[in-house]
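Enquirer: Handing you a structure now.
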Amino acid sequence: MVFWEGYVSDEAMGTFAPIVVYWLYAGFYQLMPPLENFRLHTRKEEDEKNSVPLSAVVKGVLLQQLVQATVAQALFLLTSKANASGITIQPSIPVQIVQIVVAMFVMDSWQYFVHRYMHHNKFLYRHIHSQHHRLVVPYAIGALYNHPLEGLLLDTFGGAISFLISGMTARTAVFFFCFAVIKTVDDHCGLWLPGNIFHIVFQNNSAYHDIHHQLQGLKYNYSQPFFPIWDKLLGTHMPYNLVKRPEGGFEARAMKD
């Protein structure tokens with residue numbers, strides 16, 4: 001039993017809940033006070049280095065989410081596991097946990113190799129992936145700011161493949177995709193907050209991804225959104241020191257292995 005049962009279908013929740021969660025969580029970060037003592041970059045750096053206005057970022061994210069919602073609806077329709085009575089039998093909680101872990105590994109693998117290829121192929125980087133790197137200083141709302149083709153290949157297809165290979169139902173997908181969205185937004189929040197559970201549990205976090213957005217880290221730290229496994233296995237892991245700035249805040253300072 002879930003709180004939306006009887007009001008909204010699992011398929012509708014799986015389609016729209018991640019979008020709502022994205023704007024709620026990213027909006028929470030956007031509306032927070034300046035928090036200068038926890039920023040990974042100063043506001044001056046954000047204004048000087050980022051080459052795209054917030055309005056364009058919002059439009060780009062909304063376009064990607066429109067495509068994602070369309071693909072999700074089609075995917076849920078084609079893979080429905082409902083019986084003749086329209087009821088989908090949900091697997092046990094342990095099975096759902098295994099499915100989510102499998103989906104995390106599949107998503108990490110897909111995004112690592114597609115992301116890495118987009119950096120190494122000069123045409124794809126120049127014309128497609130560089131759009132995301134116009135935000136040299138990441139912030140939460142810009143987490144899904146991508147070229148539409150990249151959004152389709154990296155995020156939408158990656159999510160679809162994770163869903164299909166894991167064998168999860170639409171109901172399990174609600175929890176998985178909402179969690180993936182929250183993690184992705186947090187990785188781009190540009191803050192190092194004390195007690196942040198993502199910084200405690202995951203090595204792949206806001207500071208780790210910030211290194212990738214810096215010039216010296218462009219061909220390192222490709223892993224997203226969960227674990228840095230592929231970076232460590234394939235030699236693209238760049239460790240960092242988190243240094244406190246005298247004027248307040250932190251700097252993720254890259255260092256070679």
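To be explicit about the labels: the chains of the structure tokens are called A, B, and onward in the order shown, and within each one the residues are counted from 1, while ligands get numbers from 1 in the order they are shown.
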Using only C-alpha atoms, which residues of range 101-220 of chain A come within 7 Å of range 10-14 of chain A, and what is the closest atom pair for each, with the distance in Å to one decimal? Give it as CSV, sorted by chain and residue number.
Expert:
```
residue,atom,partner,partner_atom,distance
A:Ala170,CA,A:Asp10,CA,5.6
A:Arg171,CA,A:Asp10,CA,5.1
A:Ala173,CA,A:Gly14,CA,6.0
A:Val174,CA,A:Gly14,CA,4.4
```
Enquirer: For range 15-87 of chain A versus range 125-147 of chain A, which residues have an atom no more than 10 Å away, and what is each residue's nearest atom pair and distance in Å rounded to one decimal, using only C-alpha atoms, chain-then-number order, as a Markdown table?
Expert:
```
| residue | atom | partner | partner_atom | distance |
| --- | --- | --- | --- | --- |
| A:Tyr22 | CA | A:Ile141 | CA | 8.1 |
| A:Trp23 | CA | A:Ile141 | CA | 7.5 |
| A:Leu24 | CA | A:Ile141 | CA | 9.9 |
| A:Tyr25 | CA | A:Ala140 | CA | 8.2 |
| A:Ala26 | CA | A:Ala140 | CA | 5.0 |
| A:Gly27 | CA | A:Ile141 | CA | 7.0 |
| A:Phe28 | CA | A:Ala140 | CA | 9.0 |
| A:Tyr29 | CA | A:Ala140 | CA | 6.5 |
| A:Gln30 | CA | A:Ala140 | CA | 7.1 |
| A:Leu40 | CA | A:Val137 | CA | 8.5 |
| A:His41 | CA | A:Val137 | CA | 6.8 |
| A:Thr42 | CA | A:Val137 | CA | 9.1 |
| A:Arg43 | CA | A:Val137 | CA | 9.2 |
| A:Glu45 | CA | A:Val137 | CA | 7.3 |
| A:Glu46 | CA | A:Val137 | CA | 5.4 |
| A:Asp47 | CA | A:Val137 | CA | 8.8 |
| A:Glu48 | CA | A:Val137 | CA | 9.4 |
| A:Lys49 | CA | A:Val136 | CA | 6.0 |
| A:Asn50 | CA | A:Leu135 | CA | 4.8 |
| A:Ser51 | CA | A:Arg134 | CA | 5.4 |
| A:Val52 | CA | A:Arg134 | CA | 6.4 |
| A:Pro53 | CA | A:Leu135 | CA | 9.5 |
| A:Leu54 | CA | A:Gly142 | CA | 8.2 |
| A:Ala56 | CA | A:Tyr145 | CA | 8.9 |
| A:Val57 | CA | A:Tyr145 | CA | 5.8 |
| A:Val58 | CA | A:Ile141 | CA | 7.2 |
| A:Lys59 | CA | A:Tyr145 | CA | 8.6 |
| A:Gly60 | CA | A:Tyr145 | CA | 5.6 |
| A:Val61 | CA | A:Tyr145 | CA | 5.1 |
| A:Leu62 | CA | A:Tyr145 | CA | 8.9 |
| A:Leu63 | CA | A:Tyr145 | CA | 9.3 |
| A:Gln64 | CA | A:Leu144 | CA | 7.5 |
| A:Gln65 | CA | A:Leu144 | CA | 8.6 |
```
Enquirer: Give me, please, the distance in Å between CA of Arg39 in chain A and CA of Leu154 in chain A, quoted to one decimal.
Expert: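 According to the coordinates, CA of Arg39 in chain A and CA of Leu154 in chain A are separated by 27.6 Å.
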Enquirer: Report as a list of chain:residue names all protein, DNA and RNA residues lying within 12 Å of Val98 in chain A, evaluated on only C-alpha atoms, omitting residues in the same chain fewer than 4 positions from it.
Expert: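 The neighbour list is A:Pro91, A:Ser92, A:Ile93, A:Pro94, A:Val102, A:Ala103, A:Met104, A:Phe105, A:Ile165, A:Ser166, A:Gly167, A:Met168, A:Thr172, A:Phe176.
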Enquirer: Using only C-alpha atoms, which residue out of A:Lys232, A:Phe175, A:Pro33, A:Phe76 lies closest to Val2 in chain A?
Expert: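 The shortest atom-to-atom distance to Val2 in chain A comes from A:Phe175.
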Enquirer: Just checking: using only C-alpha atoms, which residue out of A:Phe163, A:Phe123, A:Tyr117, A:Phe226 ends up closest to Phe202 in chain A?
Expert: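 The answer is A:Phe226, which sits nearest to Phe202 in chain A.
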Enquirer: Give the answer as one residue: which of A:Phe250, A:Phe198, A:Tyr112, A:Trp192 has the shortest atom-to-atom distance to Lys219 in chain A, using only C-alpha atoms?
Expert: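 Going through A:Phe250, A:Phe198, A:Tyr112, A:Trp192 one by one, the smallest distance to Lys219 in chain A is for A:Tyr112.
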Enquirer: Check range 20-206 of chain A with DSSP on the backbone and list each residue it calls helix (DSSP H, G or I), as a ChimeraX atom specification.
Expert: /A:20-31,36-38,43-49,54-78,93-120,122-127,129-134,140-144,148-166,170-187,197-201,206
Enquirer: Please, could you write that set of residues out with C-alpha atoms as a compact mmCIF listing (two decimals), in the first residue's frame?
Expert:
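result23.txt written:
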```txt
# COMPACT_ATOMS: atom_id res chain seq x y z
CA VAL A 20 7.76 17.47 -9.11
CA VAL A 21 10.53 16.24 -6.79
CA TYR A 22 13.15 17.89 -9.02
CA TRP A 23 11.57 21.32 -8.76
CA LEU A 24 10.79 21.00 -5.06
CA TYR A 25 14.32 19.93 -4.13
CA ALA A 26 16.13 22.24 -6.55
CA GLY A 27 13.77 25.07 -5.60
CA PHE A 28 14.59 24.46 -1.93
CA TYR A 29 18.27 25.04 -2.71
CA GLN A 30 17.48 28.05 -4.89
CA LEU A 31 15.45 29.73 -2.13
CA GLU A 36 28.51 31.76 1.84
CA ASN A 37 30.32 29.63 4.44
CA PHE A 38 29.26 26.42 2.68
CA ARG A 43 28.87 34.11 -6.03
CA LYS A 44 31.34 36.26 -7.97
CA GLU A 45 32.78 33.11 -9.59
CA GLU A 46 29.27 31.90 -10.45
CA ASP A 47 28.42 35.22 -12.12
CA GLU A 48 31.72 35.44 -14.01
CA LYS A 49 32.19 31.82 -15.12
CA LEU A 54 18.91 31.13 -15.22
CA SER A 55 15.90 31.64 -17.52
CA ALA A 56 17.57 29.62 -20.29
CA VAL A 57 18.52 26.91 -17.80
CA VAL A 58 14.91 26.59 -16.61
CA LYS A 59 13.65 26.33 -20.21
CA GLY A 60 16.26 23.68 -21.04
CA VAL A 61 15.35 21.58 -18.00
CA LEU A 62 11.62 21.81 -18.76
CA LEU A 63 12.23 20.65 -22.34
CA GLN A 64 14.21 17.64 -21.13
CA GLN A 65 11.50 16.76 -18.62
CA LEU A 66 8.85 16.94 -21.34
CA VAL A 67 10.79 14.38 -23.37
CA GLN A 68 11.36 12.22 -20.28
CA ALA A 69 7.66 12.26 -19.39
CA THR A 70 6.70 11.23 -22.93
CA VAL A 71 9.17 8.35 -22.97
CA ALA A 72 8.18 7.25 -19.46
CA GLN A 73 4.49 7.08 -20.35
CA ALA A 74 5.25 4.99 -23.44
CA LEU A 75 7.61 2.73 -21.47
CA PHE A 76 5.11 2.08 -18.69
CA LEU A 77 2.36 1.41 -21.23
CA LEU A 78 4.45 -1.12 -23.16
CA ILE A 93 10.49 -5.64 -0.39
CA PRO A 94 13.81 -7.58 -0.58
CA VAL A 95 13.25 -8.18 -4.30
CA GLN A 96 12.49 -4.49 -4.85
CA ILE A 97 15.68 -3.53 -3.01
CA VAL A 98 17.70 -5.84 -5.26
CA GLN A 99 15.99 -4.35 -8.32
CA ILE A 100 16.89 -0.83 -7.19
CA VAL A 101 20.53 -1.81 -6.60
CA VAL A 102 20.66 -3.39 -10.09
CA ALA A 103 19.09 -0.26 -11.58
CA MET A 104 21.67 1.93 -9.82
CA PHE A 105 24.52 -0.12 -11.29
CA VAL A 106 22.99 -0.09 -14.78
CA MET A 107 22.37 3.66 -14.67
CA ASP A 108 25.89 4.34 -13.39
CA SER A 109 27.38 2.18 -16.15
CA TRP A 110 25.31 3.72 -18.94
CA GLN A 111 25.94 7.28 -17.83
CA TYR A 112 29.66 6.74 -17.27
CA PHE A 113 30.40 5.42 -20.75
CA VAL A 114 28.08 7.79 -22.63
CA HIS A 115 29.32 10.74 -20.59
CA ARG A 116 32.95 9.79 -21.12
CA TYR A 117 32.47 9.35 -24.87
CA MET A 118 30.88 12.78 -25.12
CA HIS A 119 34.04 14.27 -23.65
CA HIS A 120 36.43 12.33 -25.87
CA LYS A 122 35.36 16.43 -30.08
CA PHE A 123 32.27 16.85 -32.26
CA LEU A 124 29.89 15.61 -29.55
CA TYR A 125 31.56 17.70 -26.88
CA ARG A 126 31.60 20.89 -28.94
CA HIS A 127 28.05 20.62 -30.26
CA HIS A 129 27.84 18.14 -24.13
CA SER A 130 29.49 21.56 -23.82
CA GLN A 131 26.01 23.00 -23.19
CA HIS A 132 25.98 21.38 -19.74
CA HIS A 133 29.47 22.73 -19.03
CA ARG A 134 28.37 26.30 -19.65
CA ALA A 140 20.83 22.76 -8.21
CA ILE A 141 18.31 23.92 -10.82
CA GLY A 142 20.91 23.34 -13.55
CA ALA A 143 21.38 19.64 -12.73
CA LEU A 144 19.43 18.59 -15.83
CA PRO A 148 18.10 17.96 -25.81
CA LEU A 149 19.97 15.13 -27.56
CA GLU A 150 22.18 14.57 -24.54
CA GLY A 151 19.15 14.61 -22.27
CA LEU A 152 17.61 11.89 -24.42
CA LEU A 153 20.74 9.72 -24.71
CA LEU A 154 22.25 10.13 -21.26
CA ASP A 155 19.34 10.56 -18.86
CA THR A 156 16.15 9.37 -20.57
CA PHE A 157 17.60 6.28 -22.27
CA GLY A 158 19.73 5.57 -19.19
CA GLY A 159 16.65 5.60 -17.00
CA ALA A 160 14.67 3.44 -19.44
CA ILE A 161 17.44 0.83 -19.68
CA SER A 162 17.80 0.75 -15.88
CA PHE A 163 14.06 0.18 -15.54
CA LEU A 164 13.98 -2.57 -18.15
CA ILE A 165 17.04 -4.52 -17.02
CA SER A 166 16.14 -4.39 -13.32
CA ALA A 170 6.14 1.18 -12.12
CA ARG A 171 5.59 1.48 -8.37
CA THR A 172 9.20 0.62 -7.57
CA ALA A 173 10.26 3.00 -10.33
CA VAL A 174 8.57 5.88 -8.51
CA PHE A 175 10.97 5.47 -5.59
CA PHE A 176 14.03 4.77 -7.73
CA PHE A 177 13.61 7.70 -10.11
CA CYS A 178 12.72 10.14 -7.33
CA PHE A 179 15.84 9.09 -5.44
CA ALA A 180 17.98 9.40 -8.59
CA VAL A 181 16.62 12.90 -9.18
CA ILE A 182 17.33 14.00 -5.61
CA LYS A 183 20.87 12.61 -5.83
CA THR A 184 21.52 14.33 -9.18
CA VAL A 185 20.25 17.67 -7.91
CA ASP A 186 22.35 17.37 -4.76
CA ASP A 187 25.47 16.59 -6.78
CA ILE A 197 23.61 12.41 4.08
CA PHE A 198 24.79 12.29 0.45
CA HIS A 199 28.22 13.58 1.47
CA ILE A 200 28.44 10.98 4.23
CA VAL A 201 27.23 7.92 2.29
CA SER A 206 28.79 17.72 -4.88
```
Enquirer: CA of Thr15 in chain A to CA of Asn83 in chain A: how many Å, to one decimal?
Expert: 20.9 Å
Enquirer: So how many Å separate CA of His212 in chain A and CA of Arg253 in chain A, to one decimal?
Expert: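 Pair CA of His212 in chain A / CA of Arg253 in chain A returns 11.2 Å.
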Enquirer: Find the residue from A:Ala82, A:Leu218, A:Ala252, A:Val8 that sits nearest to His237 in chain A; use only C-alpha atoms when measuring.
Expert: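 Distance minimum relative to His237 in chain A lands on A:Leu218.
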